[in-house]
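Worksheet: the structure to be examined is printed underneath.
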Amino acid sequence: MTTGQPINPADLAKNLRAASAPSEPSPLERMTGSQAIVRSLEALGVTDIFGLPGGAILPTYDPLYDSEQLNHILVRHEQGAGHAAEGYAIASGKVGVAIATSGPGATNLLTAIADANMDSVPLVCITGQVSSAVIGTDAFQEADIVGMTMPITKHSFMVRDPQEIPRCIATAFHIASTGRPGPVLIDITKDAQQGMMDFSWPPVTHEARGYSIVTRGHSKQIREAAKLITESQRPVLYVGGGVVRAGASEELMKLAKLTGAPVVTTLTARGAYPDSDPQNLGMPGMHGTVPAVTAMQKSDLLITLGARFDDRVTGVVSEFAPEAKVIHVDVDPAEISKIRVADVPIVGDLRQVLPELNEILAGEFSSALPDLTDWWTLVNNFKQTYPLGYTKTNDGLGAPQYVIQKISEMTGPDAYYVTGVGQHQMWSAQFITNEKPRHFINSAGLGTMGFSVPAAMGVKVAFPESIVWAIDGDGCFQMTNQELATCVQNKIPIKVAIINNSSLGMVRQWQNLFYDGRYSNTHLKTGIGTERVPDFVKLAEAYGCAGLRCERDEDVEATIAQALAINDRPVVVDFNVSPDALVWPMVPAGVSNDLIQVAKDISPTWDDEEML
């Protein structure tokens, strides 16, 4: 097994600046707007794009046919193109690119764009638009995609002049990849694609009016943060996905070792700090570990790095970590003090802020760093008393946690794990051992069912020599499984583990716990003892994939080994598991994190002396 190297975000920004800097421009070359689109993408170093042609983008697909640099992956649905570009971007650190036509083609990208916006994924979507002369007339396949995407993108461009194409594409890549990464839309009218223009690279400018980012933190604020750390007796490093996006895992490790503080990693930060390190308490929040949740609740300082105090982490905000002061470092100033007021706010890139903070702590403040022995005695008590685990159900069916744990053990930390949304997502976050950033990928903020298969496809395109598992639910899988055809035809051999509990599992869990077991419209009838509509093995084989089924825990290891041995085509494994398995621990919605449950109506109890 080999693993590719993700690009450093700082290097990406540097390359973009070099590509678009006002250096000696190339001689003017007469070409169409469509040719300029292709040439601009090539000049920016793009190698892989995901898309689906249609009338309004068709002029661009003609010169794309001649490109020797751009590998176009023809998807079966535009949403799949968006999620594939997301997976590609998250795993590689590069900007993902998706292309679609106007109207329904563009609107089919909306979910992926919103998903990328929530999870800070650098994504550029290029859509065709009807000709300028008929905009606003309800022309065939006309939709105001710029208006629709304005709330869910960093920026949206409408291009009607072919001469503007190179500048807009260069600017889109600059915006998508700098500061807090995110999606950018470029909507290009058909006449702009067909019109003639004078192409020269690099463009005169790629700057966007009003767009500026702060990367270097204020030195006085960084010193104040260091001072707070020296005064703390119960600090916790609250690590969010911003650490991964910034490529700051090494700096995080240095900070953790300097301070000796416990570390918690959110859903988008799994792997930012290795699970094997004893300072890592696991994931916080609604389905986080008891040590992670309780340590945050009892802390006196939250060192918040690229995290946003999401409601799934905090529970009731007014009762979250009530005694803790807050250091909040984020490149996006809008996130600081949005949910929880920061005592020391620092706006800046973590790759620049953390080295300066580490230098101060290792230098003049080194003798003032606190002794955390008593804090670790308490935290280790949390770990020993409430370790992460699970109990098998009484129905005799397979345990989903066991399946996921074995996939992780048998495949290893060099593989990439891409999940859908729901119970299997939470079990994956809990039971996959994450040692490296960018190797655990999921839809966290938006919670998009159907994310897994196309996103895994994008990851595999970025790292064709690495093993890529799509861990999906039977509900999620049915939303985007058509991309298996894309995988087969383009020789993208991902491995899909369907955690098949024959239901919409997380919805069913809530119905079990909060609606008296009234299972309204959650039974999908895909598993053991049902009519199996569809039969996932037959469906896989119809697509040209290898189809396997496992119905007993005793067969899990052999089935995984068989899946790992097949590398010439995609593999789909139908793991039949119990619908009664629930995700624990759990903080019920609307209550304090102090009321975390390890099983139904069972919460940890701590003596007052233990909390001192």
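Letters for chains follow the order of the structure tokens (A, B, ...), residue numbers begin at 1 for each chain, and ligand numbers begin at 1 in the order shown.
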> Which of range 452-568 of chain A counts as alpha helix (DSSP H) under DSSP, as an MDAnalysis selection string please?
Replying inline: chainID A and resid 452:462 474:480 483:489 505:514 536:543 556:565
Within 12 Å of range 161-185 of chain A, which residues of range 338-405 of chain A come that close, and what is the closest atom pair and distance in Å for each? Count only C-alpha atoms and give it as CSV.
```
residue,atom,partner,partner_atom,distance
A:Val347,CA,A:Gly179,CA,10.5
A:Gly348,CA,A:Gly179,CA,8.6
A:Asp349,CA,A:Gly179,CA,7.4
A:Leu350,CA,A:Gly179,CA,10.5
A:Arg351,CA,A:Gly179,CA,11.6
```
Produce a file of the selected residues containing all heavy atoms, as a compact mmCIF listing (two decimals), in the first residue's frame.
```txt
# COMPACT_ATOMS: atom_id res chain seq x y z
N VAL A 347 -6.91 36.24 15.40
CA VAL A 347 -7.23 36.02 14.00
C VAL A 347 -5.93 35.75 13.26
O VAL A 347 -5.01 36.57 13.29
CB VAL A 347 -7.93 37.25 13.38
CG1 VAL A 347 -8.21 37.01 11.90
CG2 VAL A 347 -9.23 37.54 14.13
N GLY A 348 -5.86 34.58 12.62
CA GLY A 348 -4.65 34.25 11.88
C GLY A 348 -4.62 32.82 11.43
O GLY A 348 -5.44 31.99 11.86
N ASP A 349 -3.66 32.52 10.56
CA ASP A 349 -3.45 31.18 10.04
C ASP A 349 -2.73 30.35 11.11
O ASP A 349 -1.69 30.76 11.62
CB ASP A 349 -2.61 31.26 8.76
CG ASP A 349 -2.50 29.94 8.04
OD1 ASP A 349 -2.38 28.89 8.70
OD2 ASP A 349 -2.52 29.95 6.79
N LEU A 350 -3.26 29.19 11.41
CA LEU A 350 -2.68 28.35 12.46
C LEU A 350 -1.23 27.97 12.15
O LEU A 350 -0.44 27.78 13.08
CB LEU A 350 -3.53 27.09 12.66
CG LEU A 350 -4.84 27.32 13.42
CD1 LEU A 350 -5.83 26.21 13.16
CD2 LEU A 350 -4.55 27.45 14.91
N ARG A 351 -0.89 27.86 10.89
CA ARG A 351 0.50 27.52 10.55
C ARG A 351 1.46 28.67 10.88
O ARG A 351 2.67 28.45 10.97
CB ARG A 351 0.61 27.18 9.07
CG ARG A 351 0.24 25.73 8.76
CD ARG A 351 0.40 25.44 7.28
NE ARG A 351 1.76 25.66 6.82
CZ ARG A 351 2.73 24.75 6.87
NH1 ARG A 351 2.50 23.56 7.39
NH2 ARG A 351 3.94 25.02 6.40
```
>> Residues within 9 Å of range 286-292 of chain A, please, as a PyMOL selection string. Count only C-alpha atoms; anything in the same chain fewer than 5 positions from it doesn't count.
In response: chain A and resi 262-266+280-281+297+311-315+379-383+386-388+426-427+429-430+583-589+593+596-598+604
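The neighbours of Phe477 in chain A here are the residues that come within 10 Å of it, using only C-alpha atoms and leaving out any residue fewer than 2 positions away in the same chain; they are Gly420, Met449, Gly450, Phe451, Ser452, Val453, Ala470, Ile471, Asp472, Gly473, Asp474, Gly475, Met479, Thr480, Asn481, Gln482, Val496, Ala497, Ile498, Ile499, Asn500 and Phe536 of chain A.
Nearest-residue note for Pro25 in chain A: choosing from A:Leu58, A:Lys154, A:Thr205, A:Ile37, the minimum distance belongs to A:Thr205, counting only C-alpha atoms.
When DSSP is run on the backbone, the residues of range 209-364 of chain A that fall into strand (DSSP E or B) are A:Pro235, A:Val236, A:Leu237, A:Tyr238, A:Val239, A:Val263, A:Val264, A:Thr265, A:Asn280, A:Leu281, A:Gly282, A:Leu301, A:Leu302, A:Ile303, A:Thr304, A:Leu305, A:Lys325, A:Val326, A:Ile327, A:His328, A:Val329, A:Asp330, A:Val344, A:Pro345, A:Ile346, A:Val347.
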>> Please list as a PyMOL selection string every residue within 9 Å of range 324-328 of chain A, counting only C-alpha atoms and excluding residues in the same chain fewer than 4 positions away.
In response: chain A and resi 225+228+234-235+296-308+320+336-337+340-347
Restricting it to N, CA, C and O atoms, dump the selection as an mmCIF file, in the first residue's frame.
```cif
data_model
loop_
_atom_site.group_PDB
_atom_site.id
_atom_site.type_symbol
_atom_site.label_atom_id
_atom_site.label_comp_id
_atom_site.auth_asym_id
_atom_site.auth_seq_id
_atom_site.Cartn_x
_atom_site.Cartn_y
_atom_site.Cartn_z
ATOM 1 N N ALA A 225 -2.284 34.746 25.113
ATOM 2 C CA ALA A 225 -2.673 33.336 25.103
ATOM 3 C C ALA A 225 -1.673 32.505 25.899
ATOM 4 O O ALA A 225 -2.044 31.622 26.692
ATOM 5 N N LEU A 228 -2.267 32.974 29.576
ATOM 6 C CA LEU A 228 -3.425 32.211 30.061
ATOM 7 C C LEU A 228 -3.076 30.738 30.248
ATOM 8 O O LEU A 228 -3.515 30.092 31.195
ATOM 9 N N ARG A 234 -6.347 23.269 34.347
ATOM 10 C CA ARG A 234 -7.134 22.225 33.687
ATOM 11 C C ARG A 234 -7.377 22.586 32.212
ATOM 12 O O ARG A 234 -8.511 22.735 31.774
ATOM 13 N N PRO A 235 -6.303 22.742 31.431
ATOM 14 C CA PRO A 235 -6.482 23.136 30.026
ATOM 15 C C PRO A 235 -6.889 21.952 29.147
ATOM 16 O O PRO A 235 -6.590 20.793 29.444
ATOM 17 N N MET A 296 -13.754 18.600 28.768
ATOM 18 C CA MET A 296 -14.116 19.949 28.334
ATOM 19 C C MET A 296 -15.029 20.615 29.352
ATOM 20 O O MET A 296 -14.881 21.807 29.667
ATOM 21 N N GLN A 297 -15.980 19.841 29.885
ATOM 22 C CA GLN A 297 -16.910 20.410 30.863
ATOM 23 C C GLN A 297 -16.189 20.875 32.120
ATOM 24 O O GLN A 297 -16.583 21.862 32.745
ATOM 25 N N LYS A 298 -15.151 20.159 32.524
ATOM 26 C CA LYS A 298 -14.454 20.472 33.774
ATOM 27 C C LYS A 298 -13.221 21.350 33.573
ATOM 28 O O LYS A 298 -12.543 21.698 34.544
ATOM 29 N N SER A 299 -12.922 21.723 32.360
ATOM 30 C CA SER A 299 -11.708 22.484 32.087
ATOM 31 C C SER A 299 -11.818 23.919 32.593
ATOM 32 O O SER A 299 -12.917 24.460 32.776
ATOM 33 N N ASP A 300 -10.647 24.525 32.804
ATOM 34 C CA ASP A 300 -10.630 25.953 33.130
ATOM 35 C C ASP A 300 -10.078 26.788 31.982
ATOM 36 O O ASP A 300 -10.028 28.008 32.062
ATOM 37 N N LEU A 301 -9.658 26.100 30.889
ATOM 38 C CA LEU A 301 -9.176 26.816 29.705
ATOM 39 C C LEU A 301 -9.369 25.953 28.468
ATOM 40 O O LEU A 301 -8.887 24.826 28.419
ATOM 41 N N LEU A 302 -10.064 26.484 27.489
ATOM 42 C CA LEU A 302 -10.200 25.830 26.184
ATOM 43 C C LEU A 302 -9.284 26.542 25.201
ATOM 44 O O LEU A 302 -9.486 27.721 24.889
ATOM 45 N N ILE A 303 -8.266 25.823 24.743
ATOM 46 C CA ILE A 303 -7.365 26.363 23.719
ATOM 47 C C ILE A 303 -7.948 25.926 22.389
ATOM 48 O O ILE A 303 -7.730 24.810 21.922
ATOM 49 N N THR A 304 -8.736 26.795 21.781
ATOM 50 C CA THR A 304 -9.580 26.449 20.644
ATOM 51 C C THR A 304 -8.859 26.771 19.344
ATOM 52 O O THR A 304 -8.551 27.933 19.061
ATOM 53 N N LEU A 305 -8.605 25.746 18.543
ATOM 54 C CA LEU A 305 -7.794 25.892 17.338
ATOM 55 C C LEU A 305 -8.591 25.471 16.111
ATOM 56 O O LEU A 305 -8.863 24.293 15.900
ATOM 57 N N GLY A 306 -9.022 26.440 15.303
ATOM 58 C CA GLY A 306 -9.737 26.130 14.071
ATOM 59 C C GLY A 306 -11.040 25.395 14.296
ATOM 60 O O GLY A 306 -11.450 24.590 13.461
ATOM 61 N N ALA A 307 -11.691 25.662 15.413
ATOM 62 C CA ALA A 307 -12.996 25.053 15.725
ATOM 63 C C ALA A 307 -14.027 26.156 15.872
ATOM 64 O O ALA A 307 -13.676 27.320 16.089
ATOM 65 N N ARG A 308 -15.305 25.789 15.794
ATOM 66 C CA ARG A 308 -16.319 26.844 15.731
ATOM 67 C C ARG A 308 -17.448 26.691 16.761
ATOM 68 O O ARG A 308 -18.517 27.266 16.593
ATOM 69 N N PHE A 320 -22.057 24.971 28.648
ATOM 70 C CA PHE A 320 -20.871 24.323 28.092
ATOM 71 C C PHE A 320 -19.605 24.863 28.739
ATOM 72 O O PHE A 320 -19.371 26.076 28.761
ATOM 73 N N ILE A 336 -14.925 33.893 15.476
ATOM 74 C CA ILE A 336 -14.463 34.187 16.832
ATOM 75 C C ILE A 336 -15.534 34.955 17.603
ATOM 76 O O ILE A 336 -16.046 35.968 17.143
ATOM 77 N N SER A 337 -15.888 34.402 18.767
ATOM 78 C CA SER A 337 -16.923 34.962 19.655
ATOM 79 C C SER A 337 -18.315 34.912 19.039
ATOM 80 O O SER A 337 -19.231 35.580 19.533
ATOM 81 N N ARG A 340 -19.334 31.392 21.466
ATOM 82 C CA ARG A 340 -18.783 31.544 22.816
ATOM 83 C C ARG A 340 -17.768 32.691 22.793
ATOM 84 O O ARG A 340 -16.869 32.712 21.958
ATOM 85 N N VAL A 341 -17.938 33.644 23.698
ATOM 86 C CA VAL A 341 -17.056 34.807 23.726
ATOM 87 C C VAL A 341 -15.644 34.363 24.077
ATOM 88 O O VAL A 341 -15.423 33.603 25.025
ATOM 89 N N ALA A 342 -14.674 34.824 23.292
ATOM 90 C CA ALA A 342 -13.279 34.474 23.509
ATOM 91 C C ALA A 342 -12.623 35.471 24.453
ATOM 92 O O ALA A 342 -12.761 36.690 24.277
ATOM 93 N N ASP A 343 -11.903 34.966 25.455
ATOM 94 C CA ASP A 343 -11.135 35.839 26.346
ATOM 95 C C ASP A 343 -9.889 36.351 25.633
ATOM 96 O O ASP A 343 -9.470 37.491 25.852
ATOM 97 N N VAL A 344 -9.301 35.486 24.790
ATOM 98 C CA VAL A 344 -8.163 35.900 23.964
ATOM 99 C C VAL A 344 -8.447 35.496 22.522
ATOM 100 O O VAL A 344 -8.236 34.348 22.132
ATOM 101 N N PRO A 345 -8.964 36.411 21.723
ATOM 102 C CA PRO A 345 -9.199 36.114 20.306
ATOM 103 C C PRO A 345 -7.942 36.347 19.490
ATOM 104 O O PRO A 345 -7.235 37.337 19.689
ATOM 105 N N ILE A 346 -7.648 35.422 18.580
ATOM 106 C CA ILE A 346 -6.492 35.575 17.696
ATOM 107 C C ILE A 346 -6.935 35.244 16.276
ATOM 108 O O ILE A 346 -7.309 34.105 15.981
ATOM 109 N N VAL A 347 -6.910 36.242 15.402
ATOM 110 C CA VAL A 347 -7.228 36.023 14.000
ATOM 111 C C VAL A 347 -5.928 35.750 13.263
ATOM 112 O O VAL A 347 -5.005 36.569 13.294
#
```
>> Between CA of Arg223 in chain A and CA of Ala261 in chain A, what distance in Å does the model show, to one decimal?
In response: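 Rounded to one decimal, the two atoms are 18.1 Å apart.
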>> Just the number, please: distance in Å from CA of Ser603 in chain A to CA of Gly282 in chain A, one decimal.
In response: 18.4 Å
>> Just the number, please: distance in Å from CA of Trp469 in chain A to CA of Asp414 in chain A, one decimal.
In response: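 Going from CA of Trp469 in chain A over to CA of Asp414 in chain A covers 11.3 Å.
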>> Ranking A:Ala334, A:Lys436, A:Tyr238, A:Ala85 by minimum distance to Val293 in chain A and counting only C-alpha atoms, which one comes first?
In response: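 The shortest atom-to-atom distance to Val293 in chain A comes from A:Tyr238.
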> Nearest to Leu484 in chain A among A:Tyr273, A:Phe575, A:Tyr543, A:Tyr61, with distances taken over only C-alpha atoms: which residue is it?
Replying inline: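 Of A:Tyr273, A:Phe575, A:Tyr543, A:Tyr61, the one nearest Leu484 in chain A, counting only C-alpha atoms, is A:Tyr543.
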> If we count only C-alpha atoms, what is near Ile360 in chain A at a cut-off of 12 Å, once residues fewer than 3 positions away on the same chain are taken out, given as a ChimeraX atom specification?
Replying inline: /A:219-227,229-230,255,258-259,353-357,363-369
>> Give me, as a list in words, all polymer residues having an atom no more than 9 Å from Thr448 in chain A, counting only C-alpha atoms and skipping those fewer than 2 positions away in the same chain.
In response: Thr111, Ala112, Asp115, Gly420, Val421, Asn442, Ser443, Ala444, Gly445, Leu446, Gly450, Phe451, Ser452 and Cys476 of chain A
Residues as selected, N, CA and C atoms, written as a PDB file, in the first residue's frame, can you do that?
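Result went into result_10.pdb, see below:
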```pdb
ATOM      1  N   THR A 111     -26.243  21.057  -3.334  1.00  0.00           N
ATOM      2  CA  THR A 111     -25.990  20.347  -2.087  1.00  0.00           C
ATOM      3  C   THR A 111     -24.498  20.221  -1.819  1.00  0.00           C
ATOM      4  N   ALA A 112     -23.734  19.873  -2.853  1.00  0.00           N
ATOM      5  CA  ALA A 112     -22.283  19.760  -2.680  1.00  0.00           C
ATOM      6  C   ALA A 112     -21.657  21.111  -2.355  1.00  0.00           C
ATOM      7  N   ASP A 115     -22.409  21.871   1.190  1.00  0.00           N
ATOM      8  CA  ASP A 115     -21.602  20.982   2.014  1.00  0.00           C
ATOM      9  C   ASP A 115     -20.175  21.513   2.135  1.00  0.00           C
ATOM     10  N   GLY A 420     -20.540   8.123   4.979  1.00  0.00           N
ATOM     11  CA  GLY A 420     -21.786   8.827   4.749  1.00  0.00           C
ATOM     12  C   GLY A 420     -22.189   9.537   6.026  1.00  0.00           C
ATOM     13  N   VAL A 421     -23.484   9.649   6.267  1.00  0.00           N
ATOM     14  CA  VAL A 421     -23.976  10.393   7.426  1.00  0.00           C
ATOM     15  C   VAL A 421     -24.982   9.546   8.191  1.00  0.00           C
ATOM     16  N   ASN A 442     -15.584  13.086   5.846  1.00  0.00           N
ATOM     17  CA  ASN A 442     -17.037  12.926   5.954  1.00  0.00           C
ATOM     18  C   ASN A 442     -17.724  14.270   5.805  1.00  0.00           C
ATOM     19  N   SER A 443     -19.020  14.238   5.704  1.00  0.00           N
ATOM     20  CA  SER A 443     -19.830  15.455   5.655  1.00  0.00           C
ATOM     21  C   SER A 443     -20.258  15.772   7.078  1.00  0.00           C
ATOM     22  N   ALA A 444     -19.626  16.771   7.692  1.00  0.00           N
ATOM     23  CA  ALA A 444     -19.849  17.036   9.109  1.00  0.00           C
ATOM     24  C   ALA A 444     -20.911  18.107   9.334  1.00  0.00           C
ATOM     25  N   GLY A 445     -20.693  19.294   8.806  1.00  0.00           N
ATOM     26  CA  GLY A 445     -21.582  20.408   9.101  1.00  0.00           C
ATOM     27  C   GLY A 445     -22.964  20.268   8.497  1.00  0.00           C
ATOM     28  N   LEU A 446     -23.026  19.932   7.211  1.00  0.00           N
ATOM     29  CA  LEU A 446     -24.323  19.822   6.529  1.00  0.00           C
ATOM     30  C   LEU A 446     -24.959  18.456   6.770  1.00  0.00           C
ATOM     31  N   GLY A 450     -25.470  10.430   1.155  1.00  0.00           N
ATOM     32  CA  GLY A 450     -25.051  10.268  -0.230  1.00  0.00           C
ATOM     33  C   GLY A 450     -23.663  10.799  -0.506  1.00  0.00           C
ATOM     34  N   PHE A 451     -22.981  11.311   0.505  1.00  0.00           N
ATOM     35  CA  PHE A 451     -21.655  11.892   0.337  1.00  0.00           C
ATOM     36  C   PHE A 451     -20.587  10.832   0.065  1.00  0.00           C
ATOM     37  N   SER A 452     -20.710   9.671   0.677  1.00  0.00           N
ATOM     38  CA  SER A 452     -19.595   8.732   0.792  1.00  0.00           C
ATOM     39  C   SER A 452     -19.071   8.218  -0.538  1.00  0.00           C
ATOM     40  N   CYS A 476     -27.954   5.921   2.912  1.00  0.00           N
ATOM     41  CA  CYS A 476     -27.060   6.825   2.184  1.00  0.00           C
ATOM     42  C   CYS A 476     -26.646   6.242   0.836  1.00  0.00           C
TER      43      CYS A 476
END
```
